[in-house]
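Okay, protein31.txt now, which holds compact mmCIF, C-alpha atoms:
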```txt
# COMPACT_ATOMS: atom_id res chain seq x y z
CA MET T 232 55.21 119.31 96.30
CA THR T 233 54.42 115.64 95.91
CA ALA T 234 57.08 112.96 96.29
CA ALA T 235 56.81 112.10 92.62
CA ALA T 236 57.32 115.72 91.58
CA ASP T 237 60.16 116.36 94.00
CA PRO T 238 63.37 116.14 91.97
CA ARG T 239 65.19 115.05 95.12
CA SER T 240 62.86 112.13 95.84
CA ASP T 241 64.20 108.60 95.61
CA ARG T 242 62.04 107.86 92.59
CA ALA T 243 63.13 110.97 90.77
CA LEU T 244 66.74 110.05 91.45
CA VAL T 245 66.20 106.55 90.07
CA GLY T 246 64.84 108.23 86.96
CA LYS T 247 68.05 110.22 86.71
CA VAL T 248 70.10 107.08 87.24
CA ALA T 249 68.15 105.44 84.43
CA ALA T 250 69.16 108.39 82.27
CA GLY T 251 72.82 107.84 83.09
CA ASP T 252 73.34 110.25 85.97
CA ARG T 253 76.13 108.84 88.12
CA ALA T 254 75.80 111.63 90.69
CA ALA T 255 72.22 110.46 91.31
CA VAL T 256 73.30 106.89 92.02
CA ARG T 257 75.91 108.20 94.46
CA LEU T 258 73.23 110.25 96.22
CA LEU T 259 71.01 107.18 96.52
CA PHE T 260 74.02 105.28 97.83
CA MET T 261 74.53 107.89 100.54
CA ARG T 262 70.85 107.74 101.49
CA HIS T 263 70.40 103.99 101.62
CA HIS T 264 73.77 102.32 101.96
CA ALA T 265 73.88 102.10 105.75
CA ARG T 266 70.52 100.34 105.98
CA VAL T 267 71.26 98.03 103.07
CA TYR T 268 74.66 97.23 104.57
CA ARG T 269 73.10 96.43 107.96
CA PHE T 270 70.37 94.31 106.39
CA VAL T 271 72.99 92.25 104.56
CA ALA T 272 75.39 92.08 107.51
CA ARG T 273 72.63 90.78 109.80
CA GLN T 274 71.97 87.94 107.39
CA MET T 275 75.55 87.18 106.37
CA GLY T 276 77.21 87.48 109.74
CA SER T 277 80.25 88.86 107.95
CA ASP T 278 81.16 92.51 107.57
CA ALA T 279 83.56 91.87 104.70
CA MET T 280 80.97 90.02 102.65
CA ALA T 281 78.30 92.56 103.57
CA ASP T 282 80.50 95.29 102.16
CA ASP T 283 80.89 93.53 98.82
CA ILE T 284 77.23 92.63 98.58
CA ALA T 285 76.04 96.12 99.51
CA ASN T 286 78.24 97.54 96.75
CA GLU T 287 76.78 95.01 94.33
CA VAL T 288 73.27 96.10 95.31
CA PHE T 289 73.99 99.67 94.21
CA LEU T 290 75.76 98.54 91.05
CA GLU T 291 72.59 96.59 90.32
CA LEU T 292 70.63 99.77 90.95
CA TRP T 293 72.76 101.44 88.29
CA ARG T 294 72.17 98.59 85.83
CA GLN T 295 68.49 98.00 86.53
CA ALA T 296 67.28 101.58 87.01
CA PRO T 297 65.78 101.78 83.49
CA LYS T 298 63.57 98.80 84.41
CA PHE T 299 62.35 100.24 87.73
CA GLU T 300 58.58 100.64 87.40
CA GLY T 301 58.01 102.49 90.65
CA ARG T 302 55.54 99.95 92.00
CA SER T 303 57.39 99.87 95.31
CA GLU T 304 59.43 102.27 97.37
CA VAL T 305 63.03 102.51 96.22
CA SER T 306 64.21 101.33 99.64
CA THR T 307 61.99 98.24 99.33
CA TRP T 308 63.38 97.54 95.87
CA LEU T 309 66.94 97.87 97.15
CA LEU T 310 66.28 95.55 100.09
CA GLY T 311 64.77 93.02 97.68
CA ILE T 312 67.93 93.12 95.59
CA ALA T 313 69.99 92.84 98.77
CA ARG T 314 67.99 89.83 99.91
CA PHE T 315 68.48 88.06 96.57
CA LYS T 316 72.20 88.72 96.50
CA THR T 317 72.63 87.69 100.12
CA LEU T 318 70.87 84.39 99.58
CA SER T 319 73.02 83.73 96.51
CA ALA T 320 76.17 84.47 98.50
CA LEU T 321 75.05 82.26 101.37
CA ARG T 322 74.33 79.38 99.00
CA LYS T 323 77.74 79.80 97.41
CA LYS T 324 79.41 79.98 100.81
CA ARG T 325 77.72 76.76 101.93
CA ARG T 326 78.77 74.97 98.75
CA GLU T 327 82.37 76.07 99.12
CA SER T 328 82.77 75.42 102.86
CA PRO T 329 80.12 72.98 104.07
CA LEU T 330 82.04 72.37 107.30
CA ASP T 331 81.67 75.94 108.44
CA GLU T 332 78.18 75.39 109.78
CA ASP T 333 79.26 72.37 111.79
CA GLY T 334 82.18 74.30 113.17
CA ALA T 335 79.96 77.22 114.07
CA ALA T 336 77.51 74.88 115.75
CA SER T 337 80.21 73.27 117.88
CA VAL T 338 81.47 76.66 118.97
CA ALA T 339 77.94 77.72 119.82
CA ASP T 340 77.49 74.62 121.94
CA ASP T 341 80.30 75.73 124.21
CA ALA T 342 78.96 79.23 124.60
CA ASP T 343 76.13 80.49 126.75
CA THR T 344 72.70 80.05 125.29
CA PRO T 345 70.94 83.32 124.59
CA GLU T 346 68.78 82.68 127.64
CA VAL T 347 71.75 82.17 129.97
CA THR T 348 73.61 85.14 128.57
CA ALA T 349 70.49 87.24 128.81
CA MET T 350 70.22 86.54 132.52
CA LYS T 351 73.42 88.46 133.01
CA ASP T 352 71.99 91.60 131.46
CA ASP T 353 69.15 93.95 132.07
CA LYS T 354 65.96 93.45 130.13
CA ALA T 355 66.86 95.74 127.23
CA ALA T 356 70.24 94.14 126.67
CA ALA T 357 68.67 90.71 127.09
CA LEU T 358 66.07 91.54 124.48
CA ARG T 359 68.75 92.72 122.06
CA ARG T 360 70.63 89.47 122.47
CA CYS T 361 67.44 87.49 121.97
CA VAL T 362 66.68 89.37 118.74
CA ASP T 363 70.20 88.64 117.52
CA ALA T 364 69.77 84.98 118.42
CA LEU T 365 66.59 84.54 116.36
CA SER T 366 66.80 82.35 113.29
CA GLU T 367 67.61 84.22 110.12
CA GLU T 368 64.09 83.94 108.73
CA HIS T 369 62.54 85.28 111.92
CA ARG T 370 65.13 88.01 112.45
CA SER T 371 64.70 89.26 108.89
CA VAL T 372 61.01 89.86 109.45
CA VAL T 373 61.67 91.56 112.78
CA ASP T 374 64.42 93.76 111.32
CA LEU T 375 62.34 94.72 108.30
CA ALA T 376 59.35 95.72 110.42
CA TYR T 377 61.04 97.32 113.40
CA TYR T 378 64.20 98.80 111.90
CA HIS T 379 63.38 99.32 108.24
CA GLY T 380 59.77 100.32 108.91
CA LYS T 381 58.34 98.09 106.22
CA ALA T 382 54.71 97.07 105.82
CA ILE T 383 53.55 93.47 105.63
CA SER T 384 53.15 93.71 101.85
CA GLU T 385 56.62 95.20 101.45
CA ILE T 386 58.25 92.49 103.55
CA ALA T 387 56.40 89.90 101.50
CA ALA T 388 57.87 91.46 98.35
CA ILE T 389 61.41 91.71 99.75
CA LEU T 390 61.45 88.12 101.02
CA SER T 391 59.36 86.70 98.18
CA ILE T 392 56.88 85.08 100.54
CA PRO T 393 53.09 85.44 100.97
CA GLU T 394 51.78 88.14 103.28
CA ALA T 395 50.23 85.48 105.51
CA THR T 396 53.69 83.98 105.97
CA VAL T 397 55.02 87.37 107.04
CA LYS T 398 52.39 87.47 109.79
CA THR T 399 53.10 83.88 110.81
CA ARG T 400 56.85 84.48 110.97
CA MET T 401 56.32 87.63 112.98
CA PHE T 402 54.09 85.75 115.37
CA TYR T 403 56.65 82.96 115.93
CA ALA T 404 59.54 85.44 116.10
CA ARG T 405 57.82 87.42 118.85
CA LYS T 406 56.75 84.22 120.58
CA LYS T 407 60.36 83.02 120.67
CA LEU T 408 61.47 86.40 121.99
CA GLY T 409 58.93 86.14 124.79
CA GLU T 410 60.01 82.60 125.65
CA ALA T 411 63.70 83.50 125.60
CA LEU T 412 63.10 86.51 127.82
CA LYS T 413 61.01 84.42 130.18
CA ALA T 414 63.82 81.88 130.43
CA ALA T 415 66.13 84.79 131.26
CA GLY T 416 63.89 85.92 134.08
CA HIS T 417 61.99 88.65 132.24
CA ASP T 418 58.41 87.41 131.99
CA ARG T 419 56.29 89.76 129.95
CA GLY T 420 52.96 87.95 130.07
CA TRP T 421 52.86 86.76 126.48
CA PRO T 422 53.03 84.11 125.16
CA MET S 157 34.49 82.74 122.20
CA ASN S 158 36.39 80.04 124.06
CA ALA S 159 39.84 80.38 125.61
CA GLU S 160 41.65 78.77 122.67
CA GLU S 161 39.98 81.08 120.15
CA LYS S 162 40.70 84.07 122.38
CA MET S 163 44.36 83.12 122.53
CA SER S 164 44.47 82.76 118.75
CA ARG S 165 43.06 86.23 118.34
CA ARG S 166 45.57 87.59 120.85
CA ASP S 167 48.39 85.91 118.91
CA GLU S 168 47.20 87.44 115.70
CA LEU S 169 47.02 90.89 117.22
CA GLU S 170 50.45 90.49 118.79
CA ALA S 171 51.80 89.69 115.32
CA LEU S 172 50.30 92.93 114.02
CA LEU S 173 51.69 95.18 116.77
CA PRO S 174 55.08 95.76 115.09
CA PHE S 175 53.26 97.05 112.01
CA TYR S 176 51.00 99.22 114.15
CA LEU S 177 54.10 100.72 115.73
CA ASN S 178 55.88 101.35 112.43
CA GLY S 179 52.80 103.09 111.06
CA THR S 180 52.17 100.81 108.11
CA LEU S 181 49.05 99.05 109.33
CA THR S 182 45.86 99.92 107.44
CA GLY S 183 42.28 98.81 106.94
CA ALA S 184 40.73 96.02 108.98
CA ASP S 185 44.03 95.11 110.64
CA LEU S 186 44.46 98.66 111.92
CA GLU S 187 40.88 98.77 113.20
CA ALA S 188 41.32 95.44 114.95
CA VAL S 189 44.49 96.53 116.74
CA GLU S 190 42.99 99.87 117.79
CA ALA S 191 39.84 98.16 119.07
CA TRP S 192 42.02 95.79 121.06
CA LEU S 193 44.08 98.62 122.53
CA GLU S 194 40.90 100.40 123.61
CA SER S 195 39.20 97.39 125.12
CA ASP S 196 41.83 95.09 126.64
CA PRO S 197 43.89 96.21 129.66
CA ASP S 198 46.65 93.79 128.61
CA ALA S 199 46.92 95.43 125.21
CA MET S 200 48.77 98.53 126.40
CA ALA S 201 51.30 96.37 128.22
CA ALA S 202 51.74 94.34 125.04
CA LEU S 203 52.28 97.54 123.09
CA ALA S 204 54.93 98.63 125.58
CA GLU S 205 56.73 95.31 125.08
CA ALA S 206 56.59 95.76 121.33
CA GLU S 207 57.97 99.30 121.69
CA MET S 208 60.89 97.85 123.60
CA GLU S 209 61.46 95.31 120.85
CA LEU S 210 61.43 98.13 118.33
CA ALA S 211 63.99 100.12 120.32
CA GLU S 212 66.34 97.20 120.85
CA THR S 213 66.07 95.95 117.27
CA GLY S 214 67.00 99.45 116.19
CA ALA S 215 69.93 99.50 118.61
CA ALA S 216 71.14 96.11 117.38
CA ASN S 217 71.08 97.34 113.78
CA GLU S 218 72.63 100.72 114.51
CA ALA S 219 75.49 98.98 116.30
CA ILE S 220 76.64 97.73 112.89
CA ARG S 221 78.86 100.43 111.43
CA PRO S 222 79.34 100.53 107.66
CA PRO S 223 82.92 101.19 106.49
CA ALA S 224 83.80 104.89 106.46
CA ASP S 225 85.20 104.73 102.92
CA ALA S 226 82.19 102.91 101.46
CA LEU S 227 81.24 105.71 99.07
CA SER S 228 84.69 106.11 97.55
CA ARG S 229 85.02 102.37 97.04
CA PHE S 230 81.57 102.22 95.50
CA SER S 231 82.50 105.07 93.16
CA ASN S 232 85.56 103.13 92.05
CA ALA S 233 83.48 100.00 91.55
CA LEU S 234 80.96 102.02 89.55
CA GLU S 235 83.69 103.25 87.23
CA GLN S 236 85.15 99.77 86.82
CA LYS S 237 82.07 97.57 86.71
CA GLY S 238 79.27 99.98 85.93
CA GLY S 239 79.37 99.17 82.27
CA PRO S 240 78.91 101.66 79.47
CA GLU S 241 77.48 105.09 80.13
CA ARG S 242 73.86 105.72 79.28
CA ALA S 243 72.68 108.76 77.39
CA GLY S 244 71.04 111.30 79.69
CA ALA S 245 67.38 112.24 79.46
CA SER S 246 67.59 115.75 80.83
CA GLU S 247 70.45 116.97 78.68
CA PRO S 248 71.28 116.38 75.02
CA TRP S 249 73.44 113.33 74.54
CA PHE S 250 76.23 115.44 73.16
CA THR S 251 76.32 117.53 76.35
CA ASN S 252 76.45 114.42 78.48
CA ALA S 253 79.18 112.94 76.33
CA TRP S 254 81.14 116.15 76.70
CA HIS S 255 80.78 116.09 80.48
CA ARG S 256 81.99 112.53 80.58
CA ILE S 257 85.06 112.94 78.44
CA ALA S 258 85.92 116.12 80.32
CA GLY S 259 87.29 114.00 83.14
CA LEU S 260 89.48 111.87 80.95
CA PRO S 261 93.20 112.39 80.34
CA ALA S 262 93.65 114.61 77.34
CA GLY S 263 95.22 111.97 75.14
CA VAL S 264 92.15 109.78 75.48
CA GLY S 265 89.54 112.45 75.98
CA TRP S 266 90.29 114.54 72.97
CA ALA S 267 90.33 111.49 70.73
CA VAL S 268 86.86 110.64 71.98
CA ALA S 269 85.76 114.24 71.61
CA ALA S 270 87.07 114.40 68.08
CA ALA S 271 85.22 111.21 67.24
CA ALA S 272 82.04 112.65 68.75
CA ILE S 273 82.35 115.81 66.70
CA ALA S 274 82.95 113.74 63.60
CA ILE S 275 79.77 111.79 64.31
CA VAL S 276 77.80 115.00 64.73
CA LEU S 277 79.12 116.31 61.46
CA LEU S 278 78.34 113.02 59.75
CA GLN S 279 74.80 113.12 61.13
CA ALA S 280 74.49 116.70 60.00
CA VAL S 281 75.43 115.78 56.46
CA SER S 282 73.40 112.59 56.21
CA GLY S 283 70.45 113.49 58.41
CA GLY S 284 70.02 117.17 57.80
CA VAL S 285 70.56 118.19 61.40
CA PHE S 286 71.89 121.60 60.43
CA GLN S 287 69.21 123.38 58.52
CA LYS S 288 69.33 127.01 57.44
CA ASN S 289 72.09 127.72 59.95
CA ASN S 290 69.67 127.52 62.85
CA TYR S 291 71.74 125.02 64.83
CA ARG S 292 75.39 125.21 65.68
CA VAL S 293 77.56 122.87 67.70
CA ALA S 294 79.99 124.70 69.94
CA GLY S 295 83.50 124.52 68.57
CA VAL S 296 82.46 123.57 65.06
CA HIS S 297 83.12 126.59 62.95
CA GLN S 298 81.34 127.22 59.74
CA ASP S 299 84.41 128.22 57.75
CA MET S 300 87.25 126.30 59.25
CA SER S 301 89.37 126.55 56.10
CA LYS S 302 90.18 130.22 56.87
CA GLU S 303 90.29 130.02 60.67
CA PRO S 304 93.60 130.88 62.34
CA PHE S 305 94.87 127.85 64.18
CA ALA S 306 97.79 126.38 66.13
CA LEU S 307 98.96 122.80 66.52
CA VAL S 308 99.15 121.50 70.08
CA VAL S 309 100.25 118.29 71.78
CA PHE S 310 98.84 117.91 75.27
CA LYS S 311 100.64 116.24 78.13
CA PRO S 312 99.35 112.70 78.75
CA ASP S 313 98.13 113.48 82.26
CA ALA S 314 96.36 116.71 81.32
CA LYS S 315 92.64 116.74 82.07
CA MET S 316 90.00 117.59 79.53
CA ALA S 317 88.02 119.71 81.96
CA GLY S 318 90.91 122.08 82.62
CA ILE S 319 91.87 122.31 78.96
CA ALA S 320 88.31 122.95 77.82
CA ALA S 321 87.82 125.67 80.41
CA PHE S 322 91.04 127.39 79.44
CA LEU S 323 90.41 127.24 75.69
CA SER S 324 86.87 128.46 76.09
CA ALA S 325 87.97 131.39 78.24
CA ASN S 326 90.52 132.44 75.62
CA GLY S 327 88.49 132.15 72.46
CA ALA S 328 90.09 128.90 71.32
CA SER S 329 88.61 125.51 70.52
CA ILE S 330 89.55 122.10 69.20
CA ILE S 331 88.74 121.72 65.52
CA GLY S 332 90.76 118.67 64.56
CA GLY S 333 92.96 115.81 65.64
CA PRO S 334 94.47 114.03 67.14
CA THR S 335 96.88 112.76 64.50
CA ALA S 336 98.87 109.60 65.11
CA GLY S 337 101.40 111.77 66.95
CA GLY S 338 98.75 113.21 69.25
CA VAL S 339 98.66 116.59 67.53
CA PHE S 340 95.45 118.64 67.83
CA ARG S 341 94.40 121.54 65.69
CA ILE S 342 93.20 124.43 67.82
CA ALA S 343 91.18 127.26 66.31
CA ILE S 344 92.36 130.64 67.57
CA ALA S 345 89.71 133.36 67.48
CA ALA S 346 92.12 136.21 66.81
CA LYS S 347 91.71 139.00 64.29
CA THR S 348 95.25 140.31 64.50
CA VAL S 349 98.66 138.67 64.55
CA GLU S 350 99.36 140.25 67.92
CA GLU S 351 96.26 138.74 69.40
CA TYR S 352 97.06 135.38 67.79
CA ASP S 353 100.60 135.37 69.21
CA ARG S 354 99.34 136.33 72.64
CA ILE S 355 96.88 133.43 72.75
CA VAL S 356 99.34 130.88 71.35
CA THR S 357 102.00 131.97 73.85
CA LEU S 358 99.42 131.70 76.60
CA ILE S 359 98.57 128.14 75.54
CA ALA S 360 102.25 127.20 75.37
CA ASN S 361 102.73 128.39 78.95
CA GLN S 362 99.95 126.24 80.34
CA PRO S 363 100.87 123.13 82.33
CA PHE S 364 98.72 120.96 80.08
CA ALA S 365 100.65 121.91 76.91
CA ASP S 366 103.50 119.68 75.84
CA LYS S 367 104.30 121.20 72.42
CA VAL S 368 102.76 124.15 70.59
CA SER S 369 103.48 125.09 66.98
CA PRO S 370 102.00 128.14 65.24
CA GLY S 371 99.79 127.32 62.26
CA ARG S 372 97.76 129.71 60.12
CA ARG S 373 97.86 133.26 61.38
CA PRO S 374 95.17 135.90 60.90
CA ALA S 375 94.79 137.43 57.46
CA ASN S 376 96.72 140.63 58.27
CA ASP S 377 99.81 138.46 58.64
CA SER S 378 100.10 138.16 54.86
```
Encoded form using structure tokens:
Amino acid sequence: MTAAADPRSDRALVGKVAAGDRAAVRLLFMRHHARVYRFVARQMGSDAMADDIANEVFLELWRQAPKFEGRSEVSTWLLGIARFKTLSALRKKRRESPLDEDGAASVADDADTPEVTAMKDDKAAALRRCVDALSEEHRSVVDLAYYHGKAISEIAAILSIPEATVKTRMFYARKKLGEALKAAGHDRGWP
Amino acid sequence: MNAEEKMSRRDELEALLPFYLNGTLTGADLEAVEAWLESDPDAMAALAEAEMELAETGAANEAIRPPADALSRFSNALEQKGGPERAGASEPWFTNAWHRIAGLPAGVGWAVAAAAIAIVLLQAVSGGVFQKNNYRVAGVHQDMSKEPFALVVFKPDAKMAGIAAFLSANGASIIGGPTAGGVFRIAIAAKTVEEYDRIVTLIANQPFADKVSPGRRPANDS
């Protein structure tokens, strides 16, 4: 049975959602919510806001299902919606509390740098901290490739950037990881 | 190829490794990475580093735990913000409408159901839906003027689904209402007075029934 013919496939379920099937949207929620939630939480840095945004993503799925053309995987479509809503929320947050970033920066100045903190851990834990410490634009590409299993073209669609930019961001993200690990005493030979 | 160009190529291949690992690399990019892995002793070490990145990125993501009650809160949000229902593609719209109102409190649900039936009847008259008796909507009887019936007021918190199941199991169905006082006309499929009384008494004893008044009895009553 092909994915398209499988009535339990994501695409078939979106078709049912488009036809008004609320059980189908709940099933898609159960399949994809955790990953969407994590994708949003990693960008927002706030569990409470991630919860609201993740819910909004699936409400948008309910509203937009009739317009879904099936040109991408459903998970890619959902992550694209999540990305858009997260950026909107971040812009709103910055408008409403512009001092937050300064405050966060001052707190960060007093804390260990990722490199210093990483020195206290083994290599795996150090690497995890370094991934977390990447800039949002680099971490998104890393998360989408390593955790969400997305292709270059899919990441380009989710982030609304050219495919060449995906490769460039991945290159610099991995380069920064290597440099941070090296600074923490874990030289891996590249860069 | 000079050292700078070699480094550039290495950088490019390093950028492709995550996509090689997640299985999405195709075409020339895939061939280039595989050729590198076969020919360069450093490549396997680079792949091992990328595998570690994959594992730790996964661990960092999995450490984020979504709320346990996420589904129930989403379901509530869907009911509140989801907007109007859409007609289903796999079932007739009337069936879908029936399923939806089945979950409503009786006072609301039956009013909606009655309106839906009225629309069907109106469509039947104006659009010729019923032709040569080859189509019949459940609960719409062809000669309602002679049908035995009872008048029923449902409790406000009674659920459509339970009422519908009970009526269906006992040969009864809604054929009219509600009036301004919330009174519904229930067709009773009874051929004898005894059978009619039994069904009406049964309805009156149900937790969803607030008031039940006998209406027209079967013909042998007269």
task: Considering all atoms listed in the file, extract the chain S residues located within 8 Å of chain T and return them as a PyMOL selection string.
output: chain S and resi 167-168+170-172+174-175+178-181+202+205+208-210+212-218+220-223+226-227+230-231+233-234+237-238+241-246
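Atom pair CA of Lys311 (chain S) / CA of Val339 (chain S): separated by 10.8 Å.
Taking CA of His417 (chain T) and CA of Asp353 (chain T) as the two end points, the separation is 8.9 Å.
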- prompt: Taking into account only C-alpha atoms, which residue in the set T:Val372, T:Ala364, T:Ala388, T:Gln274 is nearest to Leu412 (chain T)?
  reply: T:Ala364
- prompt: So, counting all atoms listed in the file, which residue among S:Ala365, S:Ala321, S:Gly338, S:Arg373 is closest to Glu303 (chain S)?
  reply: S:Arg373
Box centre and edge lengths (Å, one decimal), axis-aligned, region 306-315 of chain T plus 4 Å each side, as AutoDock Vina command-line options:
```
--center_x 66.0 --center_y 94.7 --center_z 97.8 --size_x 16.0 --size_y 21.3 --size_z 12.5
```
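Here CA of Val308 (chain S) and CA of Pro370 (chain S) stand 8.7 Å from one another.
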Distance query region 305-307 of chain S at most 7 Å, all atoms listed in the file, self and fewer than 4 positions along chain excluded, as a ChimeraX atom specification: /S:339-344,368-373
